[in-house]
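> Pasting data.cif below, which is mmCIF, C-alpha atoms.
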```cif
data_work
loop_
_atom_site.group_PDB
_atom_site.id
_atom_site.type_symbol
_atom_site.label_atom_id
_atom_site.label_comp_id
_atom_site.auth_asym_id
_atom_site.auth_seq_id
_atom_site.Cartn_x
_atom_site.Cartn_y
_atom_site.Cartn_z
ATOM 1 C CA MET A 757 -9.702 2.311 20.180
ATOM 2 C CA MET A 758 -8.062 5.648 20.771
ATOM 3 C CA LEU A 759 -7.650 8.447 18.250
ATOM 4 C CA LYS A 760 -4.792 10.866 18.662
ATOM 5 C CA PRO A 761 -4.865 14.549 17.667
ATOM 6 C CA GLY A 762 -5.329 14.944 13.926
ATOM 7 C CA GLN A 763 -6.511 11.359 13.372
ATOM 8 C CA LEU A 764 -10.279 11.947 13.251
ATOM 9 C CA PRO A 765 -10.091 13.415 9.705
ATOM 10 C CA ILE A 766 -8.014 10.400 8.632
ATOM 11 C CA LEU A 767 -10.583 7.989 10.063
ATOM 12 C CA LEU A 768 -13.526 9.874 8.532
ATOM 13 C CA THR A 769 -11.783 9.970 5.137
ATOM 14 C CA ASN A 770 -11.227 6.207 5.243
ATOM 15 C CA VAL A 771 -14.770 5.429 6.361
ATOM 16 C CA ALA A 772 -16.259 7.708 3.686
ATOM 17 C CA MET A 773 -13.954 6.265 1.028
ATOM 18 C CA ALA A 774 -14.802 2.670 1.976
ATOM 19 C CA LEU A 775 -18.524 3.444 1.956
ATOM 20 C CA VAL A 776 -18.463 5.282 -1.401
ATOM 21 C CA PHE A 777 -16.416 2.569 -3.109
ATOM 22 C CA PHE A 778 -18.502 -0.182 -1.468
ATOM 23 C CA LEU A 779 -21.672 1.357 -2.918
ATOM 24 C CA PHE A 780 -20.003 1.895 -6.297
ATOM 25 C CA TYR A 781 -18.639 -1.656 -6.591
ATOM 26 C CA SER A 782 -21.861 -3.168 -5.207
ATOM 27 C CA ARG A 783 -23.863 -1.397 -7.906
ATOM 28 C CA LYS A 784 -21.403 -2.603 -10.553
ATOM 29 C CA GLY A 785 -21.414 -6.145 -9.147
ATOM 30 C CA ASN A 786 -17.594 -6.056 -8.959
ATOM 31 C CA SER A 787 -16.760 -8.886 -6.556
ATOM 32 C CA GLU A 788 -13.016 -8.402 -6.991
ATOM 33 C CA PHE A 789 -12.977 -4.876 -5.568
ATOM 34 C CA LEU A 790 -15.605 -5.689 -2.936
ATOM 35 C CA LEU A 791 -13.069 -8.202 -1.597
ATOM 36 C CA TYR A 792 -10.383 -5.495 -1.675
ATOM 37 C CA ILE A 793 -12.651 -3.209 0.337
ATOM 38 C CA GLY A 794 -12.932 -6.029 2.885
ATOM 39 C CA VAL A 795 -9.119 -6.189 3.081
ATOM 40 C CA ILE A 796 -8.881 -2.404 3.498
ATOM 41 C CA VAL A 797 -11.536 -2.405 6.241
ATOM 42 C CA PHE A 798 -9.708 -5.273 8.006
ATOM 43 C CA PHE A 799 -6.453 -3.295 8.066
ATOM 44 C CA LEU A 800 -8.281 -0.109 9.109
ATOM 45 C CA LEU A 801 -9.738 -1.985 12.095
ATOM 46 C CA LEU A 802 -6.329 -3.506 12.883
ATOM 47 C CA ILE A 803 -4.726 -0.048 12.877
ATOM 48 C CA LEU A 804 -7.500 1.324 15.102
ATOM 49 C CA TRP A 805 -7.083 -1.591 17.501
ATOM 50 C CA THR A 806 -3.289 -1.161 17.726
ATOM 51 C CA ASN A 807 -3.174 2.657 17.454
ATOM 52 C CA LYS A 808 -2.509 3.310 21.139
ATOM 53 C CA LYS A 809 0.304 0.780 21.409
ATOM 54 C CA VAL A 810 2.002 1.363 18.044
ATOM 55 C CA ASN A 811 1.691 5.168 17.974
ATOM 56 C CA TYR A 812 1.293 5.546 14.208
ATOM 57 C CA SER A 813 2.262 8.936 12.861
ATOM 58 C CA ASN A 814 -0.445 10.905 11.090
ATOM 59 C CA ALA A 815 1.793 11.208 8.009
ATOM 60 C CA LEU A 816 2.058 7.417 7.834
ATOM 61 C CA LEU A 817 -1.720 7.031 8.199
ATOM 62 C CA TRP A 818 -2.315 9.606 5.445
ATOM 63 C CA GLY A 819 0.133 7.651 3.272
ATOM 64 C CA LEU A 820 -1.848 4.447 3.830
ATOM 65 C CA THR A 821 -5.044 6.365 3.049
ATOM 66 C CA LEU A 822 -3.562 7.675 -0.203
ATOM 67 C CA TRP A 823 -2.549 4.144 -1.170
ATOM 68 C CA ALA A 824 -6.059 2.796 -0.511
ATOM 69 C CA ALA A 825 -7.636 5.658 -2.465
ATOM 70 C CA MET A 826 -5.295 5.154 -5.436
ATOM 71 C CA HIS A 827 -6.050 1.432 -5.427
ATOM 72 C CA MET A 828 -9.810 1.899 -5.306
ATOM 73 C CA ALA A 829 -9.695 4.619 -7.974
ATOM 74 C CA GLY A 830 -7.564 2.390 -10.198
ATOM 75 C CA GLY A 831 -10.329 -0.163 -10.432
ATOM 76 C CA SER A 832 -13.252 2.240 -10.712
ATOM 77 C CA ILE A 833 -12.326 5.132 -12.977
ATOM 78 C CA PRO A 834 -12.955 4.221 -16.622
ATOM 79 C CA VAL A 835 -10.336 5.358 -19.137
ATOM 80 C CA GLY A 836 -11.025 4.595 -22.785
ATOM 81 C CA ASP A 837 -11.949 0.926 -23.106
ATOM 82 C CA GLY A 838 -10.258 0.058 -19.824
ATOM 83 C CA ARG A 839 -9.760 1.499 -16.379
ATOM 84 C CA LEU A 840 -7.270 3.765 -14.671
ATOM 85 C CA TYR A 841 -5.156 0.765 -13.587
ATOM 86 C CA ASP A 842 -4.341 0.063 -17.258
ATOM 87 C CA VAL A 843 -3.213 3.595 -18.186
ATOM 88 C CA MET A 844 0.392 3.941 -19.321
ATOM 89 C CA VAL A 845 1.974 6.715 -17.244
ATOM 90 C CA VAL A 846 5.505 6.424 -18.678
ATOM 91 C CA PRO A 847 5.407 4.394 -21.907
ATOM 92 C CA LEU A 848 8.702 2.501 -21.656
ATOM 93 C CA THR A 849 7.208 -0.719 -23.050
ATOM 94 C CA GLN A 850 3.703 -2.109 -23.501
ATOM 95 C CA GLU A 851 3.695 -3.187 -19.849
ATOM 96 C CA ILE A 852 5.828 -0.536 -18.093
ATOM 97 C CA ILE A 853 5.080 1.962 -16.415
ATOM 98 C CA ARG A 854 1.343 1.769 -15.867
ATOM 99 C CA TYR A 855 -0.729 3.406 -13.162
ATOM 100 C CA ASP A 856 -0.719 -0.030 -11.477
ATOM 101 C CA GLN A 857 3.058 0.092 -10.972
ATOM 102 C CA ILE A 858 2.870 3.671 -9.653
ATOM 103 C CA VAL A 859 0.333 2.503 -7.052
ATOM 104 C CA HIS A 860 2.679 -0.352 -6.105
ATOM 105 C CA MET A 861 5.698 1.967 -5.785
ATOM 106 C CA ILE A 862 3.824 4.401 -3.564
ATOM 107 C CA GLY A 863 1.892 1.748 -1.669
ATOM 108 C CA PHE A 864 4.789 -0.508 -0.824
ATOM 109 C CA GLY A 865 7.020 2.471 -0.163
ATOM 110 C CA VAL A 866 4.471 3.437 2.501
ATOM 111 C CA ALA A 867 4.309 -0.219 3.638
ATOM 112 C CA THR A 868 8.102 -0.159 4.082
ATOM 113 C CA LEU A 869 7.804 3.010 6.178
ATOM 114 C CA LEU A 870 5.160 1.208 8.231
ATOM 115 C CA MET A 871 7.461 -1.798 8.729
ATOM 116 C CA TYR A 872 10.246 0.538 9.850
ATOM 117 C CA HIS A 873 7.823 2.229 12.257
ATOM 118 C CA LEU A 874 6.870 -1.166 13.704
ATOM 119 C CA LEU A 875 10.464 -2.474 13.859
ATOM 120 C CA HIS A 876 12.159 0.744 14.986
ATOM 121 C CA PRO A 877 11.750 0.154 18.749
ATOM 122 C CA LEU A 878 13.435 -3.234 18.331
ATOM 123 C CA LEU A 879 16.294 -1.824 16.248
ATOM 124 C CA ARG A 880 17.269 1.261 18.268
ATOM 125 C CA GLY A 881 20.576 -0.177 19.458
ATOM 126 C CA HIS A 882 21.574 -1.275 15.965
ATOM 127 C CA LYS A 883 21.656 1.999 14.035
ATOM 128 C CA GLN A 884 25.361 1.607 13.302
ATOM 129 C CA HIS A 885 24.477 -1.394 11.108
ATOM 130 C CA ARG A 886 22.785 0.673 8.389
ATOM 131 C CA VAL A 887 23.195 -1.981 5.659
ATOM 132 C CA ALA A 888 21.674 -4.701 7.844
ATOM 133 C CA LEU A 889 18.861 -2.352 8.881
ATOM 134 C CA GLY A 890 18.233 -1.511 5.219
ATOM 135 C CA ILE A 891 18.025 -5.175 4.272
ATOM 136 C CA VAL A 892 15.614 -5.973 7.120
ATOM 137 C CA VAL A 893 13.335 -3.004 6.478
ATOM 138 C CA VAL A 894 13.283 -3.388 2.681
ATOM 139 C CA MET A 895 12.630 -7.130 2.966
ATOM 140 C CA ALA A 896 9.830 -6.464 5.460
ATOM 141 C CA GLY A 897 8.243 -4.048 2.981
ATOM 142 C CA LEU A 898 8.632 -6.631 0.226
ATOM 143 C CA GLY A 899 7.032 -9.208 2.511
ATOM 144 C CA VAL A 900 3.935 -7.012 2.618
ATOM 145 C CA GLY A 901 4.125 -6.855 -1.201
ATOM 146 C CA ALA A 902 4.299 -10.647 -1.364
ATOM 147 C CA LEU A 903 1.276 -10.865 0.943
ATOM 148 C CA ASN A 904 -0.562 -8.546 -1.464
ATOM 149 C CA GLU A 905 0.243 -10.861 -4.380
ATOM 150 C CA ILE A 906 -1.044 -13.842 -2.365
ATOM 151 C CA ILE A 907 -4.276 -11.932 -1.721
ATOM 152 C CA GLU A 908 -4.536 -11.122 -5.444
ATOM 153 C CA PHE A 909 -3.950 -14.787 -6.322
ATOM 154 C CA SER A 910 -6.657 -15.820 -3.832
ATOM 155 C CA ILE A 911 -9.054 -13.356 -5.453
ATOM 156 C CA THR A 912 -8.397 -14.906 -8.883
ATOM 157 C CA LEU A 913 -9.494 -18.245 -7.383
ATOM 158 C CA LEU A 914 -12.664 -16.781 -5.848
ATOM 159 C CA VAL A 915 -13.746 -14.423 -8.639
ATOM 160 C CA PRO A 916 -13.969 -15.869 -12.171
ATOM 161 C CA GLU A 917 -12.973 -12.708 -14.057
ATOM 162 C CA THR A 918 -10.601 -10.159 -12.559
ATOM 163 C CA GLY A 919 -8.346 -7.462 -13.924
ATOM 164 C CA ILE A 920 -5.382 -8.736 -11.924
ATOM 165 C CA GLY A 921 -3.313 -10.101 -14.799
ATOM 166 C CA GLY A 922 -0.918 -13.019 -14.986
ATOM 167 C CA TYR A 923 2.701 -13.820 -14.216
ATOM 168 C CA THR A 924 4.120 -10.739 -15.966
ATOM 169 C CA ASN A 925 1.816 -8.469 -13.960
ATOM 170 C CA THR A 926 2.841 -10.158 -10.700
ATOM 171 C CA SER A 927 6.523 -9.793 -11.573
ATOM 172 C CA LEU A 928 6.123 -6.123 -12.512
ATOM 173 C CA ASP A 929 4.201 -5.534 -9.274
ATOM 174 C CA LEU A 930 7.046 -7.062 -7.249
ATOM 175 C CA VAL A 931 9.665 -4.973 -9.073
ATOM 176 C CA ALA A 932 7.579 -1.839 -8.420
ATOM 177 C CA ASP A 933 7.303 -2.915 -4.750
ATOM 178 C CA LEU A 934 11.118 -3.138 -4.594
ATOM 179 C CA VAL A 935 11.529 0.343 -6.098
ATOM 180 C CA GLY A 936 9.078 1.765 -3.565
ATOM 181 C CA ALA A 937 10.773 -0.073 -0.680
ATOM 182 C CA LEU A 938 14.238 1.175 -1.694
ATOM 183 C CA VAL A 939 13.038 4.778 -2.028
ATOM 184 C CA ALA A 940 11.363 4.477 1.389
ATOM 185 C CA PHE A 941 14.601 3.250 2.942
ATOM 186 C CA LEU A 942 16.530 6.134 1.371
ATOM 187 C CA LEU A 943 14.010 8.484 3.023
ATOM 188 C CA ILE A 944 14.466 6.661 6.342
ATOM 189 C CA ALA A 945 18.282 6.871 6.110
ATOM 190 C CA TRP A 946 18.139 10.566 5.145
ATOM 191 C CA ASN A 947 15.785 11.322 8.043
ATOM 192 C CA GLU A 948 17.940 9.427 10.537
ATOM 193 C CA LYS A 949 21.068 11.238 9.334
ATOM 194 C CA LYS A 950 19.278 14.583 9.673
ATOM 195 C CA GLU A 951 18.125 13.698 13.230
ATOM 196 C CA ALA A 952 21.682 12.679 14.191
ATOM 197 C CA GLN A 953 23.108 16.099 13.227
#
```
Let me see the file written as structure tokens.


Amino acid sequence: MMLKPGQLPILLTNVAMALVFFLFYSRKGNSEFLLYIGVIVFFLLLILWTNKKVNYSNALLWGLTLWAAMHMAGGSIPVGDGRLYDVMVVPLTQEIIRYDQIVHMIGFGVATLLMYHLLHPLLRGHKQHRVALGIVVVMAGLGVGALNEIIEFSITLLVPETGIGGYTNTSLDLVADLVGALVAFLLIAWNEKKEAQ
């Protein structure tokens, strides 16, 4: 494990966040979010283990930290009779756009940036194929979103009562993942164009 300059505050923030939410969800007996904390800790350890080789940017790591914090807050902060995850942010319909979809847009936008970061060394000679690059990077980000939905489905099998929701929730999550992935790719394309000038 090797930390680069500026990464100690990121690590300490993640450790403190995991510990605080672990204690909170343990006290509440919330098995669903205790499992999520396990997933977050797994990926934190994976990032630490691969940090030297992958050379994650601090901005990307802060983005992943923000995503984890938003997710944990969504399940813990009570709002009315529900929780933050159920709050309508933009009331387009009864289901859209809730805090949950905002977390998915941001989270899987960041996941798409992460996929680009991981794939970039393999794609350096193919920058002239912007459409193909966009498809690969967006689909990689969506693959992470699909993995998230598989994890959520697994949690519904392990924990009798969750706040995950059914088919409509899964579909809305995937649409939000796509929006986040497309916005992330627009940022990637804009950044690459700026670097080329």

> Between A:Ser910, A:Gln857, A:Asn925, A:Asn811, which is the closest to His873 in chain A once you count all atoms listed in the file?

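Of A:Ser910, A:Gln857, A:Asn925, A:Asn811, the one nearest His873 in chain A, counting all atoms listed in the file, is A:Asn811.
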
> Go through A:Thr912, A:Thr924, A:Thr868, A:Thr769 one by one, measure the shortest atom-to-atom distance of each to Ala940 in chain A using all atoms listed in the file, and give the residue with the smallest value.

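Under the stated criterion, the closest residue is A:Thr868.
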
> Is it possible to get the axis-aligned box enclosing range 842-846 of chain A (all listed atoms, 5 Å extra per side) as AutoDock Vina command-line options, with centre and edge lengths in Å rounded to one decimal?


```
--center_x 0.6 --center_y 3.4 --center_z -18.3 --size_x 19.8 --size_y 16.7 --size_z 12.1
```

> Find the spatial neighbours of range 816-828 of chain A, counting all atoms listed in the file, within a cut-off of 8 Å - ignore same-chain residues fewer than 6 positions away - and output them as a PDB file with C-alpha atoms, in the frame of the given file.


```pdb
ATOM      1  CA  ILE A 766      -8.014  10.400   8.632  1.00  0.00           C
ATOM      2  CA  THR A 769     -11.783   9.970   5.137  1.00  0.00           C
ATOM      3  CA  ASN A 770     -11.227   6.207   5.243  1.00  0.00           C
ATOM      4  CA  MET A 773     -13.954   6.265   1.028  1.00  0.00           C
ATOM      5  CA  PHE A 777     -16.416   2.569  -3.109  1.00  0.00           C
ATOM      6  CA  PHE A 789     -12.977  -4.876  -5.568  1.00  0.00           C
ATOM      7  CA  ILE A 796      -8.881  -2.404   3.498  1.00  0.00           C
ATOM      8  CA  VAL A 859       0.333   2.503  -7.052  1.00  0.00           C
ATOM      9  CA  ILE A 862       3.824   4.401  -3.564  1.00  0.00           C
ATOM     10  CA  GLY A 863       1.892   1.748  -1.669  1.00  0.00           C
ATOM     11  CA  VAL A 866       4.471   3.437   2.501  1.00  0.00           C
ATOM     12  CA  ALA A 867       4.309  -0.219   3.638  1.00  0.00           C
ATOM     13  CA  LEU A 869       7.804   3.010   6.178  1.00  0.00           C
ATOM     14  CA  LEU A 870       5.160   1.208   8.231  1.00  0.00           C
TER      15      LEU A 870
END
```

> What does the structure give for the distance between CA of Leu848 in chain A and CA of Leu938 in chain A, in Å to one decimal?

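About the pair CA of Leu848 in chain A and CA of Leu938 in chain A: they are 20.8 Å apart.
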
> Find the distance between CA of Gly865 in chain A and CA of Leu934 in chain A and write it in Å to one decimal.

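These atoms are spaced 8.2 Å apart.
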
> Which residues come within 8 Å of Gly897 in chain A, counting all atoms listed in the file, excluding same-chain residues fewer than 2 positions away, as a list of chain:residue names?

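Once the adjacent positions are removed, what remains is A:Phe864, A:Gly865, A:Ala867, A:Thr868, A:Leu869, A:Met871, A:Val893, A:Val894, A:Met895, A:Gly899, A:Val900, A:Gly901, A:Asp933, A:Ala937.
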
> When the PyMOL selection byres ((chain A and resi 763) around 10) is applied to the structure above, which residues does it catch, written out as number ranges by chain?

A: 758-762, 764-769, 812-815, 817-818

> By how many Å are CA of Leu943 in chain A and CA of Val797 in chain A apart?

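Those two atoms sit 28.0 Å apart.
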
> The PyMOL selection byres ((chain A and resi 795) around 12) on the file shown: which residues, as a PyMOL selection string?

chain A and resi 774+788-794+796-802+824+827-828+903-904+907-908+911

> Give the answer as one residue: which of A:Lys809, A:Arg839, A:Val776, A:Ala932 has the shortest atom-to-atom distance to Leu874 in chain A, using all atoms listed in the file?

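Ranking A:Lys809, A:Arg839, A:Val776, A:Ala932 by distance to Leu874 in chain A, first place goes to A:Lys809.
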
> Find the residue from A:Leu840, A:Glu851, A:Val835, A:Leu779 that sits nearest to Leu928 in chain A; use only C-alpha atoms when measuring.

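Smallest separation from Leu928 in chain A among the options: A:Glu851.
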
> Which of these residues is nearest to Glu905 in chain A, using all atoms listed in the file: A:Met844, A:Val935, A:Leu930, A:Leu878?

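Once distances to Glu905 in chain A are computed over all atoms listed in the file, the minimum belongs to A:Leu930.
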
> With distances taken over all atoms listed in the file, which residue among A:Tyr781, A:Trp805, A:Tyr923, A:Phe941 lies nearest Ile891 in chain A?

A:Phe941

> Could you write out as a list in words the residues that the PyMOL selection byres ((chain A and resi 843) around 10) matches in the shown file?

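When the PyMOL selection byres ((chain A and resi 843) around 10) is applied to the shown file, the picked residues are Gly830, Pro834, Val835, Gly836, Gly838, Arg839, Leu840, Tyr841, Asp842, Met844, Val845, Val846, Pro847, Glu851, Ile852, Ile853, Arg854, Tyr855 and Asp856 of chain A.
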
> Add whatever atoms are absent from range 887-915 of chain A to reach N, CA and C atoms, and provide the output as a PDB file, in the frame of the given file.


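Everything below was put into selection-v1.pdb:
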```pdb
ATOM      1  N   VAL A 887      23.448  -1.048   6.761  1.00  0.00           N
ATOM      2  CA  VAL A 887      23.195  -1.981   5.659  1.00  0.00           C
ATOM      3  C   VAL A 887      22.261  -3.095   6.136  1.00  0.00           C
ATOM      4  N   ALA A 888      22.532  -3.646   7.304  1.00  0.00           N
ATOM      5  CA  ALA A 888      21.674  -4.701   7.844  1.00  0.00           C
ATOM      6  C   ALA A 888      20.259  -4.166   8.092  1.00  0.00           C
ATOM      7  N   LEU A 889      20.168  -2.965   8.646  1.00  0.00           N
ATOM      8  CA  LEU A 889      18.861  -2.352   8.881  1.00  0.00           C
ATOM      9  C   LEU A 889      18.119  -2.172   7.564  1.00  0.00           C
ATOM     10  N   GLY A 890      18.844  -1.698   6.539  1.00  0.00           N
ATOM     11  CA  GLY A 890      18.233  -1.511   5.219  1.00  0.00           C
ATOM     12  C   GLY A 890      17.689  -2.806   4.660  1.00  0.00           C
ATOM     13  N   ILE A 891      18.464  -3.872   4.789  1.00  0.00           N
ATOM     14  CA  ILE A 891      18.025  -5.175   4.272  1.00  0.00           C
ATOM     15  C   ILE A 891      16.761  -5.629   5.004  1.00  0.00           C
ATOM     16  N   VAL A 892      16.767  -5.526   6.326  1.00  0.00           N
ATOM     17  CA  VAL A 892      15.614  -5.973   7.120  1.00  0.00           C
ATOM     18  C   VAL A 892      14.363  -5.167   6.776  1.00  0.00           C
ATOM     19  N   VAL A 893      14.500  -3.852   6.717  1.00  0.00           N
ATOM     20  CA  VAL A 893      13.335  -3.004   6.478  1.00  0.00           C
ATOM     21  C   VAL A 893      12.814  -3.173   5.048  1.00  0.00           C
ATOM     22  N   VAL A 894      13.713  -3.205   4.073  1.00  0.00           N
ATOM     23  CA  VAL A 894      13.283  -3.388   2.681  1.00  0.00           C
ATOM     24  C   VAL A 894      12.633  -4.754   2.499  1.00  0.00           C
ATOM     25  N   MET A 895      13.222  -5.795   3.091  1.00  0.00           N
ATOM     26  CA  MET A 895      12.630  -7.130   2.966  1.00  0.00           C
ATOM     27  C   MET A 895      11.279  -7.216   3.679  1.00  0.00           C
ATOM     28  N   ALA A 896      11.135  -6.491   4.779  1.00  0.00           N
ATOM     29  CA  ALA A 896       9.830  -6.464   5.460  1.00  0.00           C
ATOM     30  C   ALA A 896       8.788  -5.802   4.563  1.00  0.00           C
ATOM     31  N   GLY A 897       9.157  -4.698   3.918  1.00  0.00           N
ATOM     32  CA  GLY A 897       8.243  -4.048   2.981  1.00  0.00           C
ATOM     33  C   GLY A 897       7.889  -4.956   1.823  1.00  0.00           C
ATOM     34  N   LEU A 898       8.892  -5.686   1.316  1.00  0.00           N
ATOM     35  CA  LEU A 898       8.632  -6.631   0.226  1.00  0.00           C
ATOM     36  C   LEU A 898       7.770  -7.806   0.688  1.00  0.00           C
ATOM     37  N   GLY A 899       7.895  -8.160   1.960  1.00  0.00           N
ATOM     38  CA  GLY A 899       7.032  -9.208   2.511  1.00  0.00           C
ATOM     39  C   GLY A 899       5.567  -8.795   2.462  1.00  0.00           C
ATOM     40  N   VAL A 900       5.309  -7.524   2.735  1.00  0.00           N
ATOM     41  CA  VAL A 900       3.935  -7.012   2.618  1.00  0.00           C
ATOM     42  C   VAL A 900       3.494  -7.076   1.154  1.00  0.00           C
ATOM     43  N   GLY A 901       4.429  -6.757   0.230  1.00  0.00           N
ATOM     44  CA  GLY A 901       4.125  -6.855  -1.201  1.00  0.00           C
ATOM     45  C   GLY A 901       3.804  -8.281  -1.604  1.00  0.00           C
ATOM     46  N   ALA A 902       4.566  -9.239  -1.071  1.00  0.00           N
ATOM     47  CA  ALA A 902       4.299 -10.647  -1.364  1.00  0.00           C
ATOM     48  C   ALA A 902       2.939 -11.065  -0.825  1.00  0.00           C
ATOM     49  N   LEU A 903       2.599 -10.578   0.379  1.00  0.00           N
ATOM     50  CA  LEU A 903       1.276 -10.865   0.943  1.00  0.00           C
ATOM     51  C   LEU A 903       0.184 -10.317   0.023  1.00  0.00           C
ATOM     52  N   ASN A 904       0.396  -9.124  -0.525  1.00  0.00           N
ATOM     53  CA  ASN A 904      -0.562  -8.546  -1.464  1.00  0.00           C
ATOM     54  C   ASN A 904      -0.744  -9.450  -2.682  1.00  0.00           C
ATOM     55  N   GLU A 905       0.349  -9.982  -3.211  1.00  0.00           N
ATOM     56  CA  GLU A 905       0.243 -10.861  -4.380  1.00  0.00           C
ATOM     57  C   GLU A 905      -0.479 -12.155  -4.035  1.00  0.00           C
ATOM     58  N   ILE A 906      -0.307 -12.653  -2.812  1.00  0.00           N
ATOM     59  CA  ILE A 906      -1.044 -13.842  -2.365  1.00  0.00           C
ATOM     60  C   ILE A 906      -2.534 -13.534  -2.289  1.00  0.00           C
ATOM     61  N   ILE A 907      -2.864 -12.340  -1.775  1.00  0.00           N
ATOM     62  CA  ILE A 907      -4.276 -11.932  -1.721  1.00  0.00           C
ATOM     63  C   ILE A 907      -4.842 -11.832  -3.130  1.00  0.00           C
ATOM     64  N   GLU A 908      -4.076 -11.226  -4.057  1.00  0.00           N
ATOM     65  CA  GLU A 908      -4.536 -11.122  -5.444  1.00  0.00           C
ATOM     66  C   GLU A 908      -4.734 -12.507  -6.062  1.00  0.00           C
ATOM     67  N   PHE A 909      -3.803 -13.426  -5.803  1.00  0.00           N
ATOM     68  CA  PHE A 909      -3.950 -14.787  -6.322  1.00  0.00           C
ATOM     69  C   PHE A 909      -5.210 -15.442  -5.762  1.00  0.00           C
ATOM     70  N   SER A 910      -5.460 -15.253  -4.457  1.00  0.00           N
ATOM     71  CA  SER A 910      -6.657 -15.820  -3.832  1.00  0.00           C
ATOM     72  C   SER A 910      -7.922 -15.264  -4.481  1.00  0.00           C
ATOM     73  N   ILE A 911      -7.887 -13.971  -4.812  1.00  0.00           N
ATOM     74  CA  ILE A 911      -9.054 -13.356  -5.453  1.00  0.00           C
ATOM     75  C   ILE A 911      -9.287 -13.970  -6.826  1.00  0.00           C
ATOM     76  N   THR A 912      -8.213 -14.287  -7.564  1.00  0.00           N
ATOM     77  CA  THR A 912      -8.397 -14.906  -8.883  1.00  0.00           C
ATOM     78  C   THR A 912      -9.044 -16.281  -8.749  1.00  0.00           C
ATOM     79  N   LEU A 913      -8.862 -16.939  -7.610  1.00  0.00           N
ATOM     80  CA  LEU A 913      -9.494 -18.245  -7.383  1.00  0.00           C
ATOM     81  C   LEU A 913     -10.962 -18.103  -6.993  1.00  0.00           C
ATOM     82  N   LEU A 914     -11.303 -16.991  -6.330  1.00  0.00           N
ATOM     83  CA  LEU A 914     -12.664 -16.781  -5.848  1.00  0.00           C
ATOM     84  C   LEU A 914     -13.567 -16.082  -6.856  1.00  0.00           C
ATOM     85  N   VAL A 915     -12.971 -15.222  -7.686  1.00  0.00           N
ATOM     86  CA  VAL A 915     -13.746 -14.423  -8.639  1.00  0.00           C
ATOM     87  C   VAL A 915     -13.343 -14.855 -10.046  1.00  0.00           C
TER      88      VAL A 915
END
```
